[in-house]
Structures are given as C-alpha cells and as structure tokens.
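The next block is run_30.tsv, given as TSV, C-alpha atoms.
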chain	number	residue	atom	x	y	z
A	81	MET	CA	48.49	9.16	6.28
A	82	SER	CA	44.84	9.46	5.53
A	83	GLN	CA	43.26	10.07	8.85
A	84	VAL	CA	41.34	13.14	9.86
A	85	LEU	CA	42.90	15.50	12.37
A	86	SER	CA	40.92	16.24	15.50
A	87	GLN	CA	40.91	19.28	17.74
A	88	GLU	CA	41.24	17.17	20.87
A	89	LYS	CA	44.97	16.68	20.74
A	90	SER	CA	48.00	18.64	19.60
A	91	ILE	CA	48.38	18.42	15.85
A	92	TYR	CA	52.07	17.55	15.95
A	93	LEU	CA	51.37	14.59	18.24
A	94	GLN	CA	48.71	13.41	15.82
A	95	ILE	CA	51.19	13.67	12.95
A	96	SER	CA	53.81	11.56	14.71
A	97	GLU	CA	51.17	9.04	15.75
A	98	MET	CA	49.81	8.75	12.20
A	99	ILE	CA	53.23	8.05	10.77
A	100	GLU	CA	53.85	5.44	13.45
A	101	ASN	CA	50.48	3.84	12.69
A	102	ASP	CA	51.38	3.70	9.02
A	103	ILE	CA	54.66	2.00	9.89
A	104	LEU	CA	52.86	-0.52	12.12
A	105	ARG	CA	50.38	-1.26	9.33
A	106	ASP	CA	53.08	-1.63	6.66
A	107	ILE	CA	51.73	1.36	4.77
A	108	ILE	CA	55.21	2.85	5.03
A	109	LEU	CA	57.94	0.24	5.11
A	110	GLU	CA	61.31	0.35	6.86
A	111	GLU	CA	64.02	2.13	4.87
A	112	GLU	CA	61.30	3.89	2.88
A	113	ARG	CA	60.92	7.68	2.64
A	114	ILE	CA	58.12	9.24	4.68
A	115	PRO	CA	56.17	12.21	3.26
A	116	SER	CA	58.04	15.51	3.61
A	117	THR	CA	56.97	18.29	5.96
A	118	ASN	CA	55.67	20.29	3.03
A	119	GLU	CA	53.75	17.36	1.60
A	120	MET	CA	52.11	16.79	4.96
A	121	ALA	CA	51.41	20.50	5.43
A	122	LYS	CA	49.61	20.64	2.11
A	123	LEU	CA	47.74	17.38	2.63
A	124	TYR	CA	46.34	18.41	6.00
A	125	SER	CA	46.35	22.20	5.57
A	126	ILE	CA	48.58	22.64	8.59
A	127	ASN	CA	51.58	24.83	9.16
A	128	PRO	CA	54.80	23.15	7.97
A	129	ALA	CA	56.41	24.03	11.32
A	130	THR	CA	53.82	21.86	13.05
A	131	ALA	CA	54.42	18.97	10.68
A	132	ALA	CA	58.17	19.33	11.28
A	133	LYS	CA	57.61	19.21	15.03
A	134	GLY	CA	55.74	15.92	14.62
A	135	ILE	CA	58.52	14.43	12.53
A	136	ASN	CA	61.16	15.61	15.01
A	137	ILE	CA	59.52	13.52	17.71
A	138	LEU	CA	60.12	10.47	15.53
A	139	VAL	CA	63.73	11.50	14.95
A	140	ASP	CA	64.21	11.75	18.73
A	141	ARG	CA	62.68	8.31	19.18
A	142	GLY	CA	64.96	6.83	16.53
A	143	ILE	CA	62.02	5.90	14.30
A	144	VAL	CA	63.09	7.97	11.30
A	145	TYR	CA	66.40	9.42	10.18
A	146	LYS	CA	67.48	12.06	7.75
A	147	LYS	CA	69.21	11.36	4.48
A	148	ARG	CA	70.80	14.59	3.45
A	149	GLY	CA	69.12	16.21	0.50
A	150	ILE	CA	66.67	13.34	0.01
A	151	GLY	CA	64.34	13.33	3.00
A	152	MET	CA	63.38	11.39	6.08
A	153	PHE	CA	63.50	7.59	6.06
A	154	VAL	CA	62.13	4.90	8.35
A	155	MET	CA	64.87	3.28	10.41
A	156	SER	CA	65.18	-0.48	10.07
A	157	GLY	CA	63.79	-2.05	13.22
A	158	ALA	CA	61.42	0.90	13.65
A	159	LYS	CA	58.30	-1.26	13.66
A	160	GLU	CA	59.56	-3.36	16.54
A	161	SER	CA	60.64	-0.34	18.56
A	162	ILE	CA	57.26	1.37	18.08
A	163	LYS	CA	55.57	-1.74	19.44
A	164	GLU	CA	57.97	-1.88	22.40
A	165	ARG	CA	57.33	1.74	23.32
A	166	ARG	CA	53.58	1.48	22.90
A	167	LYS	CA	53.54	-1.56	25.15
A	168	LEU	CA	55.22	0.51	27.85
A	169	GLU	CA	52.69	3.29	27.30
A	170	PHE	CA	49.79	0.85	27.32
A	171	TYR	CA	49.43	1.03	31.08
A	172	ASP	CA	49.35	4.83	31.30
A	173	LYS	CA	47.20	5.27	28.28
A	174	TYR	CA	44.59	2.57	28.75
A	175	ILE	CA	44.81	0.61	32.00
A	176	SER	CA	45.05	3.57	34.35
A	177	SER	CA	42.03	5.26	32.78
A	178	VAL	CA	40.06	2.00	33.02
A	179	ILE	CA	40.92	1.82	36.70
A	180	LYS	CA	40.03	5.45	37.25
A	181	GLU	CA	36.61	5.01	35.68
A	182	ALA	CA	36.08	1.72	37.53
A	183	LYS	CA	36.84	3.41	40.85
A	184	SER	CA	34.33	6.16	40.25
A	185	LEU	CA	31.71	3.51	39.45
A	186	GLY	CA	32.68	1.38	42.44
A	187	ILE	CA	33.67	-1.64	40.32
A	188	SER	CA	35.79	-4.04	42.36
A	189	LYS	CA	39.21	-5.40	41.48
A	190	GLU	CA	37.75	-8.88	40.96
A	191	GLU	CA	35.06	-7.56	38.65
A	192	ILE	CA	37.61	-5.74	36.46
A	193	VAL	CA	39.78	-8.84	36.24
A	194	SER	CA	36.86	-11.07	35.31
A	195	MET	CA	35.72	-8.59	32.65
A	196	ILE	CA	39.16	-8.63	31.07
A	197	MET	CA	39.44	-12.42	31.30
A	198	LYS	CA	36.13	-12.75	29.45
A	199	GLU	CA	37.45	-10.71	26.52
A	200	VAL	CA	40.97	-12.10	26.04
B	12	MET	CA	65.64	38.11	7.22
B	13	LYS	CA	63.47	41.18	7.19
B	14	LYS	CA	61.25	42.19	10.07
B	15	ILE	CA	58.41	44.62	10.64
B	16	ILE	CA	58.43	46.36	13.98
B	17	CYS	CA	55.59	48.41	15.44
B	18	LYS	CA	56.67	50.58	18.33
B	19	ASN	CA	54.19	52.28	20.64
B	20	VAL	CA	51.68	52.58	17.82
B	21	SER	CA	48.35	54.24	18.57
B	22	LYS	CA	45.55	55.23	16.25
B	23	CYS	CA	42.61	57.51	16.91
B	24	TYR	CA	39.81	58.39	14.53
B	25	LYS	CA	38.86	61.87	15.77
B	26	LYS	CA	38.51	61.23	19.50
B	27	LYS	CA	37.87	57.52	19.21
B	28	MET	CA	40.80	55.33	20.21
B	29	VAL	CA	41.06	52.35	17.84
B	30	LEU	CA	44.51	51.04	18.68
B	31	ASP	CA	46.19	51.71	21.97
B	32	ASN	CA	49.97	51.50	22.24
B	33	ILE	CA	50.68	48.49	20.04
B	34	ASN	CA	54.11	46.87	20.19
B	35	LEU	CA	54.53	44.09	17.68
B	36	GLU	CA	57.23	42.30	15.75
B	37	ILE	CA	56.40	40.50	12.51
B	38	GLU	CA	59.11	38.09	11.40
B	39	SER	CA	59.86	36.69	7.98
B	40	ASP	CA	58.70	33.26	6.90
B	41	LYS	CA	55.71	32.81	9.19
B	42	ILE	CA	51.96	32.59	8.93
B	43	TYR	CA	50.27	34.69	11.58
B	44	GLY	CA	46.61	34.58	12.48
B	45	LEU	CA	45.09	37.87	13.61
B	46	ILE	CA	41.96	37.39	15.65
B	47	GLY	CA	39.72	39.75	17.52
B	48	ARG	CA	36.09	40.77	17.78
B	49	ASN	CA	34.32	43.08	15.35
B	50	GLY	CA	35.69	46.57	15.84
B	51	ALA	CA	38.67	45.37	17.88
B	52	GLY	CA	41.08	47.09	15.47
B	53	LYS	CA	42.32	44.24	13.21
B	54	THR	CA	41.78	45.96	9.87
B	55	THR	CA	43.11	49.25	11.24
B	56	LEU	CA	46.28	47.53	12.45
B	57	LEU	CA	46.91	45.95	9.05
B	58	SER	CA	46.19	49.20	7.22
B	59	LEU	CA	48.64	51.07	9.47
B	60	ILE	CA	51.44	48.56	8.85
B	61	ALA	CA	50.79	48.69	5.10
B	62	ALA	CA	50.82	52.51	5.28
B	63	HIS	CA	47.32	52.82	3.83
B	64	ASN	CA	46.57	54.89	6.86
B	65	PRO	CA	48.79	57.16	9.02
B	66	VAL	CA	49.50	56.37	12.68
B	67	THR	CA	48.43	58.88	15.32
B	68	SER	CA	51.59	58.20	17.29
B	69	GLY	CA	54.46	55.71	17.36
B	70	ASP	CA	56.33	54.29	14.39
B	71	ILE	CA	56.30	51.26	12.13
B	72	ARG	CA	59.48	50.12	10.47
B	73	LEU	CA	60.69	47.53	8.03
B	74	ASP	CA	64.03	46.71	9.62
B	75	ASP	CA	65.33	50.22	10.30
B	76	GLU	CA	63.29	52.17	7.82
B	77	ILE	CA	60.00	53.89	8.49
B	78	ILE	CA	57.43	52.40	6.11
B	79	TRP	CA	55.19	55.46	5.77
B	80	GLU	CA	55.66	57.19	2.38
B	81	ASN	CA	58.66	54.98	1.68
B	82	PRO	CA	58.23	53.37	-1.76
B	83	LYS	CA	61.25	51.12	-1.26
B	84	ALA	CA	59.85	49.60	1.92
B	85	LEU	CA	56.35	49.39	0.49
B	86	GLU	CA	57.56	47.13	-2.31
B	87	TYR	CA	57.74	44.40	0.32
B	88	ILE	CA	54.21	44.82	1.57
B	89	CYS	CA	50.77	43.89	0.26
B	90	PHE	CA	47.56	44.52	2.13
B	91	ALA	CA	44.72	42.71	0.39
B	92	ARG	CA	41.62	44.42	1.68
B	93	GLN	CA	38.08	43.24	1.39
B	94	VAL	CA	36.52	44.48	-1.82
B	95	ALA	CA	34.28	47.51	-1.28
B	96	PRO	CA	30.68	46.29	-1.62
B	97	ASN	CA	29.78	49.03	-4.13
B	98	ASN	CA	32.84	48.65	-6.36
B	99	PRO	CA	31.68	48.93	-10.00
B	100	THR	CA	34.80	47.57	-11.72
B	101	SER	CA	35.15	43.99	-12.89
B	102	ALA	CA	37.53	41.48	-11.30
B	103	LYS	CA	39.57	41.61	-14.49
B	104	ASN	CA	40.14	45.35	-14.10
B	105	TYR	CA	40.63	45.11	-10.38
B	106	LEU	CA	43.40	42.55	-10.87
B	107	LYS	CA	44.94	44.66	-13.61
B	108	ILE	CA	45.14	47.66	-11.27
B	109	ALA	CA	46.67	45.42	-8.60
B	110	SER	CA	49.24	44.17	-11.11
B	111	MET	CA	50.42	47.74	-11.66
B	112	HIS	CA	50.59	48.38	-7.96
B	113	TYR	CA	52.67	45.38	-6.88
B	114	PRO	CA	56.15	45.18	-8.42
B	115	ASN	CA	56.44	41.39	-8.01
B	116	TRP	CA	52.99	40.63	-9.43
B	117	ASP	CA	52.78	37.14	-10.98
B	118	LYS	CA	50.25	37.33	-13.81
B	119	GLU	CA	50.37	33.64	-14.68
B	120	TYR	CA	49.68	32.72	-11.07
B	121	ALA	CA	46.80	35.21	-10.92
B	122	ASP	CA	45.26	33.72	-14.08
B	123	GLU	CA	45.67	30.23	-12.69
B	124	LEU	CA	43.93	31.23	-9.45
B	125	VAL	CA	41.04	32.78	-11.40
B	126	LYS	CA	40.60	29.40	-13.07
B	127	ILE	CA	40.94	27.40	-9.87
B	128	PHE	CA	38.27	29.51	-8.16
B	129	GLU	CA	36.16	29.61	-11.36
B	130	LEU	CA	35.84	33.34	-10.79
B	131	ASP	CA	33.63	35.40	-13.08
B	132	VAL	CA	36.02	38.19	-14.09
B	133	LYS	CA	33.68	40.23	-16.27
B	134	THR	CA	30.81	41.05	-13.92
B	135	PRO	CA	31.09	44.24	-11.83
B	136	LEU	CA	32.37	43.37	-8.36
B	137	PHE	CA	29.30	44.74	-6.59
B	138	LYS	CA	27.17	42.18	-8.41
B	139	LEU	CA	29.30	39.27	-7.20
B	140	SER	CA	28.46	37.33	-4.04
B	141	LYS	CA	30.44	38.03	-0.88
B	142	GLY	CA	32.32	34.76	-1.35
B	143	MET	CA	33.38	35.66	-4.88
B	144	GLN	CA	34.51	39.06	-3.69
B	145	SER	CA	36.67	37.28	-1.10
B	146	MET	CA	38.22	35.22	-3.90
B	147	VAL	CA	39.32	38.47	-5.55
B	148	THR	CA	40.98	39.51	-2.27
B	149	ILE	CA	42.73	36.15	-2.07
B	150	ILE	CA	43.98	36.34	-5.65
B	151	VAL	CA	45.40	39.83	-5.10
B	152	ALA	CA	47.17	38.63	-1.95
B	153	LEU	CA	48.70	35.50	-3.41
B	154	ALA	CA	49.64	36.89	-6.82
B	155	SER	CA	51.21	40.04	-5.33
B	156	LYS	CA	54.16	37.86	-4.29
B	157	SER	CA	54.95	40.47	-1.66
B	158	GLN	CA	57.30	39.38	1.11
B	159	PHE	CA	54.84	40.57	3.75
B	160	THR	CA	51.25	39.90	2.74
B	161	PHE	CA	48.27	40.77	4.89
B	162	ILE	CA	44.85	39.39	4.03
B	163	ASP	CA	41.75	40.86	5.62
B	164	GLU	CA	39.13	38.18	6.23
B	165	PRO	CA	39.91	36.08	3.17
B	166	VAL	CA	37.34	33.43	4.03
B	167	ALA	CA	34.36	35.74	4.74
B	168	GLY	CA	31.41	34.42	2.76
B	169	LEU	CA	33.35	31.53	1.22
B	170	ASP	CA	31.71	28.12	1.27
B	171	VAL	CA	33.51	25.32	3.10
B	172	ILE	CA	35.02	23.84	-0.07
B	173	ALA	CA	36.43	27.18	-1.20
B	174	ARG	CA	37.79	27.79	2.31
B	175	ASP	CA	39.54	24.44	2.24
B	176	LEU	CA	40.94	25.34	-1.16
B	177	PHE	CA	42.20	28.65	0.17
B	178	TYR	CA	44.09	27.04	3.06
B	179	LYS	CA	45.68	24.54	0.66
B	180	LEU	CA	46.73	27.28	-1.77
B	181	LEU	CA	48.07	29.36	1.09
B	182	ILE	CA	50.17	26.51	2.49
B	183	GLU	CA	51.39	25.64	-0.99
B	184	GLU	CA	52.47	29.21	-1.70
B	185	TYR	CA	53.99	29.56	1.75
B	186	THR	CA	56.06	26.38	1.54
B	187	GLU	CA	57.41	27.39	-1.84
B	188	SER	CA	58.03	31.09	-1.26
B	189	HIS	CA	58.65	31.54	2.47
B	190	ARG	CA	56.66	34.74	2.43
B	191	THR	CA	55.08	36.09	5.60
B	192	PHE	CA	51.30	36.14	5.82
B	193	ILE	CA	49.04	37.78	8.36
B	194	ILE	CA	45.49	36.54	8.07
B	195	SER	CA	42.62	38.07	9.93
B	196	THR	CA	39.64	35.81	10.41
B	197	HIS	CA	36.53	35.08	12.42
B	198	ILE	CA	36.47	31.42	11.46
B	199	ILE	CA	39.09	30.45	13.97
B	200	ASP	CA	39.18	26.71	14.56
B	201	GLU	CA	39.55	25.57	11.00
B	202	ALA	CA	42.37	28.05	10.43
B	203	SER	CA	44.21	27.53	13.69
B	204	ASP	CA	46.31	24.65	12.33
B	205	VAL	CA	47.57	26.93	9.59
B	206	PHE	CA	48.80	29.64	11.94
B	207	GLU	CA	52.26	29.28	13.32
B	208	GLU	CA	51.56	32.21	15.63
B	209	VAL	CA	48.38	33.84	16.76
B	210	ILE	CA	47.95	37.54	17.52
B	211	MET	CA	44.88	38.33	19.59
B	212	ILE	CA	43.44	41.84	19.79
B	213	ASN	CA	40.88	42.81	22.38
B	214	ASP	CA	39.62	46.27	23.34
B	215	HIS	CA	42.15	47.94	21.01
B	216	LYS	CA	45.17	46.25	22.56
B	217	ILE	CA	47.20	43.17	21.67
B	218	ILE	CA	46.47	40.77	24.48
B	219	LEU	CA	48.71	38.00	23.24
B	220	LYS	CA	51.08	36.95	20.48
B	221	GLU	CA	52.29	33.41	20.79
B	222	ASN	CA	53.06	30.20	18.97
B	223	THR	CA	49.63	28.59	18.47
B	224	GLU	CA	50.70	25.12	19.55
B	225	GLU	CA	52.37	26.42	22.74
B	226	LEU	CA	49.42	28.63	23.58
B	227	LEU	CA	46.97	25.75	23.31
B	228	SER	CA	49.24	23.46	25.30
B	229	ARG	CA	48.83	25.70	28.34
B	230	ALA	CA	45.07	26.18	28.04
B	231	TYR	CA	42.59	23.86	29.73
B	232	TYR	CA	38.88	23.66	30.34
B	233	ILE	CA	38.13	22.41	33.83
B	234	SER	CA	34.75	21.35	35.14
B	235	GLY	CA	33.35	19.50	38.14
B	236	LYS	CA	32.12	20.06	41.66
B	237	GLU	CA	32.57	23.70	42.64
B	238	GLU	CA	34.86	23.18	45.67
B	239	LYS	CA	37.05	20.74	43.77
B	240	VAL	CA	37.40	23.07	40.79
B	241	ASP	CA	38.22	25.94	43.15
B	242	GLU	CA	40.84	23.81	44.88
B	243	ILE	CA	42.54	22.81	41.63
B	244	THR	CA	42.44	26.23	40.02
B	245	LYS	CA	43.65	28.12	43.09
B	246	GLY	CA	46.30	30.63	42.04
B	247	LEU	CA	45.73	30.01	38.31
B	248	ASP	CA	44.45	32.52	35.77
B	249	CYS	CA	40.80	31.63	35.20
B	250	TYR	CA	38.56	32.95	32.45
B	251	HIS	CA	34.93	32.62	31.57
B	252	THR	CA	33.86	30.90	34.76
B	253	ASP	CA	30.34	29.49	34.96
B	254	THR	CA	28.47	27.86	37.79
B	255	ILE	CA	25.30	25.84	37.62
B	256	GLY	CA	24.09	24.41	40.91
B	257	ARG	CA	27.06	22.65	42.49
B	258	SER	CA	29.04	22.42	39.29
B	259	LYS	CA	31.57	24.90	38.05
B	260	SER	CA	33.50	25.25	34.84
B	261	THR	CA	36.33	27.52	33.89
B	262	THR	CA	39.08	27.96	31.33
B	263	VAL	CA	42.61	28.33	32.67
B	264	LEU	CA	45.74	29.58	31.00
B	265	LEU	CA	48.78	28.18	32.79
B	266	LYS	CA	51.92	30.23	33.29
B	267	ASP	CA	55.45	28.87	33.28
B	268	GLY	CA	55.90	26.25	35.97
B	269	GLN	CA	52.20	25.95	36.78
B	270	MET	CA	50.38	22.67	36.36
B	271	ILE	CA	47.02	21.10	37.00
B	272	GLU	CA	46.87	18.35	39.55
B	273	GLU	CA	44.84	15.43	38.33
B	274	ASP	CA	41.80	14.61	40.33
B	275	SER	CA	39.21	12.00	39.51
B	276	ASP	CA	36.41	14.37	40.55
B	277	VAL	CA	37.12	16.97	37.88
B	278	THR	CA	37.25	16.80	34.12
B	279	VAL	CA	40.20	18.44	32.43
B	280	LYS	CA	40.01	18.98	28.70
B	281	SER	CA	42.12	20.68	26.09
B	282	VAL	CA	40.70	23.82	24.53
B	283	SER	CA	40.41	24.84	20.90
B	284	LEU	CA	41.69	28.22	19.79
B	285	GLN	CA	38.14	29.39	19.23
B	286	ASN	CA	37.05	28.40	22.74
B	287	LEU	CA	40.12	30.05	24.21
B	288	PHE	CA	39.35	33.21	22.26
B	289	VAL	CA	35.80	33.25	23.61
B	290	ALA	CA	37.11	32.70	27.13
B	291	LEU	CA	39.64	35.52	26.88
B	292	CYS	CA	37.64	38.05	24.89
B	293	GLY	CA	34.02	37.22	25.60
B	294	LYS	CA	32.01	39.18	28.11
B	295	ASP	CA	30.57	37.27	31.03
B	296	VAL	CA	26.83	37.55	30.82
Full structure transcribed into structure tokens:
Amino acid sequence: MSQVLSQEKSIYLQISEMIENDILRDIILEEERIPSTNEMAKLYSINPATAAKGINILVDRGIVYKKRGIGMFVMSGAKESIKERRKLEFYDKYISSVIKEAKSLGISKEEIVSMIMKEV
Amino acid sequence: MKKIICKNVSKCYKKKMVLDNINLEIESDKIYGLIGRNGAGKTTLLSLIAAHNPVTSGDIRLDDEIIWENPKALEYICFARQVAPNNPTSAKNYLKIASMHYPNWDKEYADELVKIFELDVKTPLFKLSKGMQSMVTIIVALASKSQFTFIDEPVAGLDVIARDLFYKLLIEEYTESHRTFIISTHIIDEASDVFEEVIMINDHKIILKENTEELLSRAYYISGKEEKVDEITKGLDCYHTDTIGRSKSTTVLLKDGQMIEEDSDVTVKSVSLQNLFVALCGKDV
C-alpha cells in the first residue's frame, strides 16, 4: 500500500488494485487484516467513501471478507483467485491493445507472433 | 441526520445579481468541494448559509428551521472565512474570539494545530504571509467542531507540504467526527480525491452537484480526425471543442445510457476534475 495514486484512473479502482497487488506480493498475507477504510483515507488523503468503494469491489470478488467489529480480512485462497481473474483479464487489458496498436502501424500477424516468441 | 436546505435562494448586492435561484441540499457526514471561478458567488453562498449575510429572496433552513437570526441553528454552523488582510489582532486573540463564538470549541485541538502548523501566534495577522493567514482559517474551522463547517479557500497561499498536511488533518477529523465540510478551492485536482461530492458554480448558478467519482466516470476527452470525432460525439454534450487543421478535440459529459463507441482512429481519455471544470466553465477563446 505504498504506491502513488494517479489521476488517470478512478481512485477506488486503484485502491482495489493496490490491495490485490499487495496480496500477490505477500505484503498482506491470507487471513490477515487489510488496512481499514479510515487508515487508507488518511494515508492517501482520499475520501473514506472512495476507499470503501475500492474495498467493496474486493468483497464482491471474494478476495476479502468482513469480521464483525474487527475489520476486513484476506480470504484464504485469495492469491490464487486474483491470479485466475487477472489471467482472464490479460487478453482485454494487454493483448487487445497490442493488436490495436499493431494494426494502426500495419504490423502483420506473423511479425507480432515472432516478436512475442523472441521475448518469452 | 441533520440537513441544510437552500430553497430558491437569490442574492443581489444593490442591482448586481450574485446568486441566482440556488436550490441546494447539504447532507450530514460528507465532504463537499465548492468550485467556481473568481466572482462566481462561492463565498457569498457560504456566507448566506452561515447567516453572516441576509438572502435577498428564498430561504435557508437547518432541517425545518430558518437559520437566519436563529442562535439554536447557528450552533451547528461554522463559516471559517479568509482572514482580512488588514486585521491587526494576533492569531492568539483571533482564536480566542473564535473560541467564544463557537459553543463546541476544542481548545486543546486548536493548540495542537497551532503547534503542527508552527504558527506564529503573537504577530499581528496582517504581518503574516498569506499561507499563515490560511492556517488561522483552517484552525478556526477544525477546532470549532461545528457539525456543518465551511472553509473558504483554506489552501490559498499554502505551500505544497502545508496543503498536504491540511488534507490529512481534514480527513482525520472527518473520519473521527463525521462532521460535514464544504471547502471552496481553486486548487482542484489535488483536492478532488478528498471531495465526496462536488458543487460547481458558474455565472451565479449551481451548474452541478454530484458525487465526484460518478461525475468523472462520465466525462471523457476525445481527440482525433475531425470527421471521426464528430461521428463519435454525435448527440453527446460536448464542451470546450478545439480544432487544429484536421484534428479536433472535445470534452464530453455522458448522460444516462449514453456511451462512447471505441474507434482506433480516436483517442479517448479520462478527464481530471480540473480539466472538466475548465471545459464546463471556461470561455472559448
């Protein structure tokens, strides 16, 4: 939770993404408490309602759950399910924009494939 | 939960219309940002709600009660104005007067804030820099502990570190107290994440009042070849349109159900609150 917020993207999406990144990087472990809405609001100088919106996305995705009176905790298995979902999003987020840019530059299918093969 | 309601409020100074038929509802437990150009009527609006200034027509109520000349209602309201530039009193005295004025004044908190801001409390206010004068405004606002607190340009003249400090203190106080704040400012982008709702005034009218996040989610900057941009923005509300040669750019604000069709020939970008404000309130040159 130490990244800088940008203006490019909705703040609540950045909040949910940052928490997910921290889970992927073992900065927050499964069954551990995540920072509260108020803690995040103070840390980033954002409205607590925005921070809550970001956390709610993770609740909907089954990444975190509420323990009454204590706070929000990372679900066990969360790390794996974040990876699964991000794999599904990988195409929309990265591949399709690569193809879009390639098209506008007139790069052929074969060229794209060979570029990728060189890297992986 | 208490509410402030402005109904058909207008204000004229002699023949000059400053606010024109304002209808506004201020709810409890929210941070509002009030933005508008110089002379748009921001300070006047806040001074009317706080009953520092009588309305020309319309009424302003706290729940059902008219606020004007109503000491009971006024206990809930603090309007922290900018310090008058020629004020000869010291910050110490100024805060003392404020402490007598606001029934929920928190002296310990005020003293703590003086320390945090390293404010010189002995020097006459007019000898302080603009930034230090703003700190006095901020301290009055926060320490008043009023349920509805309005702050007029709290960050004017403050350096970036003090501004950052202000937003942190504001959020801290807000999360602990659930007070309502209305903050008027010209430094929009850095404050936009703090505002749950934004109220925009232009030409003496409120042109929008909306959840900041939702407002920005329907605003886009579109640029590309003129015909393509025209095609994509057909039927949409466009602001601040520019053309250079064959290229065109515009800012759109989508209505319910509208969307932008993706096209590889145009660039679609999200818009910051400041850019949106310029698009909506700026004059095309």
### Task
Considering all atoms listed in the file, return as a PyMOL selection string whatever protein or nucleic-acid residues lie within 12 Å of region 234-240 of chain B, sequence-local ones (same chain, fewer than 5 positions apart) excluded.
chain B and resi 245-247+249+251-263+271-281
### Message
Based on all atoms listed in the file, which of the residues in chain B come within 6 Å of chain A? I want them as a list in words.
### Response
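Close to chain A, chain B has Tyr178, Lys179, Ile182, Asp204 and Val205 of chain B.
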### Residue neighbourhood Ala51 (chain B), 12 Å, only C-alpha atoms, exclusion window fewer than 2 positions, as an MDAnalysis selection string
chainID B and resid 28:31 45:49 53:56 195 197 211:218 292
### Spatial neighbours of Ser283 (chain B), 12 Å, all atoms listed in the file, chain gap at least 5 places, as a PyMOL selection string
(chain A and resi 86-91) or (chain B and resi 199-204+223-224+226-232+262+288-290)
### Message
Which residues are close to Ile95 (chain A), i.e. within 9 Å by only C-alpha atoms, leaving aside same-chain residues fewer than 5 positions away? Reply as a PyMOL selection string.
### Response
chain A and resi 81+85+90+100+120+130-131+133-135
### Query
Quick one: residues within 8 Å of Tyr113 (chain B), all atoms listed in the file counted, chain neighbours fewer than 2 positions away excluded, as a list in words?
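Listed by chain and then number, they are Glu86, Cys89, Ala109, Ser110, Met111, Asn115, Trp116, Ser155 and Ser157 of chain B.
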### Query
From the set A:Ser156, A:Asp106, A:Ala182, A:Glu97, which residue has the shortest atom-to-atom contact distance to Met195 (chain A), counting all atoms listed in the file?
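Ranking A:Ser156, A:Asp106, A:Ala182, A:Glu97 by distance to Met195 (chain A), first place goes to A:Ala182.
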### Task
Work out how far apart CA of Met155 (chain A) and CA of Glu169 (chain A) are and give it in Å to one decimal.
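Between CA of Met155 (chain A) and CA of Glu169 (chain A) the gap is 20.8 Å.
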The centre and edge lengths of an axis-aligned box containing all atoms of region 100-108 of chain A present in the file, extended by 6 Å on each side, are to be given in Å to one decimal, as AutoDock Vina command-line options.
--center_x 52.8 --center_y 1.9 --center_z 9.1 --size_x 16.8 --size_y 19.1 --size_z 20.7
### Message
Can you measure CA of Lys163 (chain A) to CA of Leu109 (chain A) for me? One decimal in Å is fine.
### Response
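Result for CA of Lys163 (chain A) versus CA of Leu109 (chain A): 14.7 Å, one decimal.
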### Task
Find, counting only C-alpha atoms, the residue in A:Asp102, A:Glu199, A:Glu111, A:Glu190 that gets nearest to Val144 (chain A).
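Among A:Asp102, A:Glu199, A:Glu111, A:Glu190, it is A:Glu111 that comes nearest to Val144 (chain A).
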#### Entry: Selected residue of minimal separation from Glu160 (chain A) among A:Ile175, A:Glu191, A:Ile103, A:Lys146, counting only C-alpha atoms
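Using only C-alpha atoms, the shortest distance to Glu160 (chain A) belongs to A:Ile103.
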### Query
When distances are computed from all atoms listed in the file, which of A:Pro115, A:Ser176, A:Gly157, A:Glu110 shows the smallest separation from Met98 (chain A)?
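So, comparing all the options, the nearest one is A:Pro115.
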### Task
Could you check how far CA of Lys13 (chain B) sits from CA of Ala152 (chain B), in Å to one decimal?
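For CA of Lys13 (chain B) relative to CA of Ala152 (chain B), the distance reads 18.9 Å.
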### Message
From the options B:Gln93, B:Gln269, B:Asn286, B:Gln158, which residue's atoms come nearest to Asp40 (chain B), counting only C-alpha atoms?
### Response
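The closest residue to Asp40 (chain B) is B:Gln158.
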Just add N, CA and C atoms to region 170-181 of chain A and send it as a short mmCIF file (atom, residue, chain, number, x, y, z; two decimals), in the coordinates of the input.
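Saved the output as selection14.cif:
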data_model
loop_
_atom_site.label_atom_id
_atom_site.label_comp_id
_atom_site.auth_asym_id
_atom_site.auth_seq_id
_atom_site.Cartn_x
_atom_site.Cartn_y
_atom_site.Cartn_z
N PHE A 170 51.11 1.47 27.25
CA PHE A 170 49.79 0.85 27.32
C PHE A 170 49.16 1.05 28.69
N TYR A 171 49.97 0.89 29.74
CA TYR A 171 49.43 1.03 31.08
C TYR A 171 48.88 2.44 31.31
N ASP A 172 49.76 3.44 31.06
CA ASP A 172 49.35 4.83 31.30
C ASP A 172 48.15 5.24 30.46
N LYS A 173 48.19 4.78 29.22
CA LYS A 173 47.20 5.27 28.28
C LYS A 173 45.84 4.59 28.45
N TYR A 174 45.86 3.30 28.71
CA TYR A 174 44.59 2.57 28.75
C TYR A 174 44.25 2.05 30.14
N ILE A 175 45.15 1.27 30.74
CA ILE A 175 44.81 0.61 32.00
C ILE A 175 44.47 1.62 33.10
N SER A 176 45.29 2.66 33.23
CA SER A 176 45.05 3.57 34.35
C SER A 176 43.72 4.31 34.18
N SER A 177 43.32 4.58 32.92
CA SER A 177 42.03 5.26 32.78
C SER A 177 40.87 4.30 33.03
N VAL A 178 41.08 3.02 32.71
CA VAL A 178 40.06 2.00 33.02
C VAL A 178 39.87 1.93 34.54
N ILE A 179 40.99 1.94 35.25
CA ILE A 179 40.92 1.82 36.70
C ILE A 179 40.27 3.05 37.33
N LYS A 180 40.59 4.19 36.75
CA LYS A 180 40.03 5.45 37.25
C LYS A 180 38.49 5.45 37.11
N GLU A 181 38.04 5.06 35.93
CA GLU A 181 36.61 5.01 35.68
C GLU A 181 35.96 3.95 36.57
#
